[in-house]
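Source file upload.pdb; content: PDB, C-alpha atoms, pLDDT in the B column.
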ATOM      1  CA  MET M 507       0.000   0.000   0.000  1.00 65.00           C
ATOM      2  CA  THR M 508       1.407   3.398  -0.959  1.00 73.00           C
ATOM      3  CA  LYS M 509       1.680   6.174   1.581  1.00 80.00           C
ATOM      4  CA  LYS M 510      -0.773   9.046   1.074  1.00 81.00           C
ATOM      5  CA  ILE M 511       1.009  12.285   0.207  1.00 87.00           C
ATOM      6  CA  LYS M 512      -0.263  15.270   2.128  1.00 91.00           C
ATOM      7  CA  ILE M 513      -0.538  18.289  -0.142  1.00 94.00           C
ATOM      8  CA  ASN M 514      -2.931  20.695   1.534  1.00 95.00           C
ATOM      9  CA  ARG M 515      -3.382  22.076   5.059  1.00 96.00           C
ATOM     10  CA  LEU M 516      -7.089  22.870   4.922  1.00 97.00           C
ATOM     11  CA  LYS M 517      -7.857  20.751   7.989  1.00 97.00           C
ATOM     12  CA  VAL M 518      -5.265  22.676  10.031  1.00 97.00           C
ATOM     13  CA  ILE M 519      -6.469  26.087   8.861  1.00 98.00           C
ATOM     14  CA  LEU M 520     -10.108  25.238   9.626  1.00 98.00           C
ATOM     15  CA  ALA M 521      -9.118  24.057  13.114  1.00 98.00           C
ATOM     16  CA  GLU M 522      -7.085  27.232  13.743  1.00 97.00           C
ATOM     17  CA  LYS M 523     -10.049  29.370  12.693  1.00 97.00           C
ATOM     18  CA  ASP M 524     -12.550  27.160  14.591  1.00 98.00           C
ATOM     19  CA  ILE M 525     -14.637  26.530  11.462  1.00 98.00           C
ATOM     20  CA  SER M 526     -16.383  23.177  11.024  1.00 97.00           C
ATOM     21  CA  HIS M 527     -16.246  21.228   7.771  1.00 94.00           C
ATOM     22  CA  LYS M 528     -19.995  21.659   7.417  1.00 96.00           C
ATOM     23  CA  ASP M 529     -19.902  25.433   7.952  1.00 98.00           C
ATOM     24  CA  PHE M 530     -17.013  25.815   5.521  1.00 98.00           C
ATOM     25  CA  ALA M 531     -18.829  23.681   2.949  1.00 98.00           C
ATOM     26  CA  ASN M 532     -21.739  26.124   3.138  1.00 98.00           C
ATOM     27  CA  MET M 533     -19.368  29.093   2.758  1.00 97.00           C
ATOM     28  CA  VAL M 534     -17.892  27.706  -0.466  1.00 98.00           C
ATOM     29  CA  SER M 535     -21.057  26.052  -1.841  1.00 97.00           C
ATOM     30  CA  LYS M 536     -19.640  22.523  -1.741  1.00 97.00           C
ATOM     31  CA  THR M 537     -20.846  19.374   0.002  1.00 97.00           C
ATOM     32  CA  PRO M 538     -19.439  18.508   3.433  1.00 97.00           C
ATOM     33  CA  ASN M 539     -18.170  15.273   1.878  1.00 97.00           C
ATOM     34  CA  THR M 540     -16.121  17.227  -0.683  1.00 97.00           C
ATOM     35  CA  ILE M 541     -14.550  19.340   2.063  1.00 98.00           C
ATOM     36  CA  SER M 542     -13.870  16.253   4.166  1.00 97.00           C
ATOM     37  CA  ARG M 543     -12.087  14.565   1.242  1.00 97.00           C
ATOM     38  CA  ILE M 544      -9.939  17.658   0.723  1.00 97.00           C
ATOM     39  CA  CYS M 545      -9.166  17.923   4.454  1.00 96.00           C
ATOM     40  CA  ASN M 546      -8.088  14.273   4.496  1.00 95.00           C
ATOM     41  CA  ASN M 547      -5.978  14.752   1.347  1.00 95.00           C
ATOM     42  CA  ASP M 548      -8.031  12.114  -0.458  1.00 95.00           C
ATOM     43  CA  SER M 549      -8.632  14.662  -3.226  1.00 95.00           C
ATOM     44  CA  GLN M 550      -7.133  18.041  -4.073  1.00 96.00           C
ATOM     45  CA  PRO M 551      -8.865  21.290  -4.978  1.00 96.00           C
ATOM     46  CA  SER M 552      -8.337  22.986  -8.312  1.00 97.00           C
ATOM     47  CA  LEU M 553      -6.184  26.105  -8.271  1.00 97.00           C
ATOM     48  CA  LYS M 554      -9.298  28.203  -8.812  1.00 98.00           C
ATOM     49  CA  PHE M 555     -11.001  26.611  -5.794  1.00 98.00           C
ATOM     50  CA  LEU M 556      -7.798  26.859  -3.736  1.00 97.00           C
ATOM     51  CA  ARG M 557      -7.797  30.615  -4.411  1.00 98.00           C
ATOM     52  CA  GLN M 558     -11.480  30.882  -3.472  1.00 98.00           C
ATOM     53  CA  MET M 559     -10.822  29.056  -0.194  1.00 98.00           C
ATOM     54  CA  ALA M 560      -7.880  31.350   0.631  1.00 98.00           C
ATOM     55  CA  ILE M 561      -9.984  34.455   0.026  1.00 98.00           C
ATOM     56  CA  ILE M 562     -12.871  33.174   2.163  1.00 98.00           C
ATOM     57  CA  LEU M 563     -10.513  32.068   4.962  1.00 98.00           C
ATOM     58  CA  ASP M 564      -8.556  35.349   4.713  1.00 98.00           C
ATOM     59  CA  VAL M 565      -5.195  33.592   4.371  1.00 98.00           C
ATOM     60  CA  ASP M 566      -2.444  33.654   1.785  1.00 98.00           C
ATOM     61  CA  ILE M 567      -2.952  30.826  -0.697  1.00 97.00           C
ATOM     62  CA  SER M 568       0.448  29.379   0.261  1.00 96.00           C
ATOM     63  CA  GLU M 569      -0.825  28.742   3.807  1.00 96.00           C
ATOM     64  CA  LEU M 570      -3.205  26.137   2.380  1.00 97.00           C
ATOM     65  CA  LEU M 571      -0.348  24.068   0.966  1.00 96.00           C
ATOM     66  CA  ILE M 572       2.302  21.872   2.590  1.00 94.00           C
ATOM     67  CA  ARG M 573       5.720  23.430   2.061  1.00 90.00           C
ATOM     68  CA  THR M 574       8.063  21.479  -0.184  1.00 87.00           C
ATOM     69  CA  LYS M 575      11.196  23.336   0.836  1.00 84.00           C
ATOM     70  CA  LYS M 576      12.210  24.930   4.131  1.00 75.00           C
TER      71      LYS M 576
END
Kindly present the structure from the file in structure tokens form.
Amino acid sequence: MTKKIKINRLKVILAEKDISHKDFANMVSKTPNTISRICNNDSQPSLKFLRQMAIILDVDISELLIRTKK
């Protein structure tokens, strides 16, 4: 079984901002299941949706992604 690669930090950002998956799903007009899959890194948002999420969460888009270089 291959190890799942974590790409986004949506789950962390939502926890920091105390926003539930369900509430965020309503904010972005997506299903809670879609947000859950993104939070668990089972699927990844498009760049357009990533930008929309960053604007709604009032964060820089880079904060939603796992850094590849330190």
task: Would you kindly translate the PyMOL selection byres ((chain M and resi 507-512) around 8) into the concrete residues it picks from this file, as a list of chain:residue names?
output: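 When the PyMOL selection byres ((chain M and resi 507-512) around 8) is applied, the selected residues are M:Ile513, M:Asn514, M:Asn547, M:Ile572.
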Go ahead and write the selection's residues with C-alpha atoms as a short mmCIF file (atom, residue, chain, number, x, y, z; two decimals), in the coordinates of the input.
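File produced: again_30.cif:
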data_model
loop_
_atom_site.label_atom_id
_atom_site.label_comp_id
_atom_site.auth_asym_id
_atom_site.auth_seq_id
_atom_site.Cartn_x
_atom_site.Cartn_y
_atom_site.Cartn_z
CA ILE M 513 -0.54 18.29 -0.14
CA ASN M 514 -2.93 20.70 1.53
CA ASN M 547 -5.98 14.75 1.35
CA ILE M 572 2.30 21.87 2.59
#
task: Between CA of Ile562 (chain M) and CA of Ile541 (chain M), measure the distance and give it in Å to one decimal.
output: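 These two atoms are separated by 13.9 Å.
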field: Picked residues, the PyMOL selection byres ((chain M and resi 520-536) around 10), expected as a PyMOL selection string
entry: chain M and resi 515-519+537-542+545+555+558-559+562-563
Distance of CA of Leu553 (chain M) from CA of Val565 (chain M), expressed in Å to one decimal place: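 CA of Val565 (chain M) sits 14.7 Å away from CA of Leu553 (chain M).
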query: What does the distance from CA of Leu571 (chain M) to CA of Asp548 (chain M) come to in Å, to one decimal?
result: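 Separation between CA of Leu571 (chain M) and CA of Asp548 (chain M): 14.3 Å.
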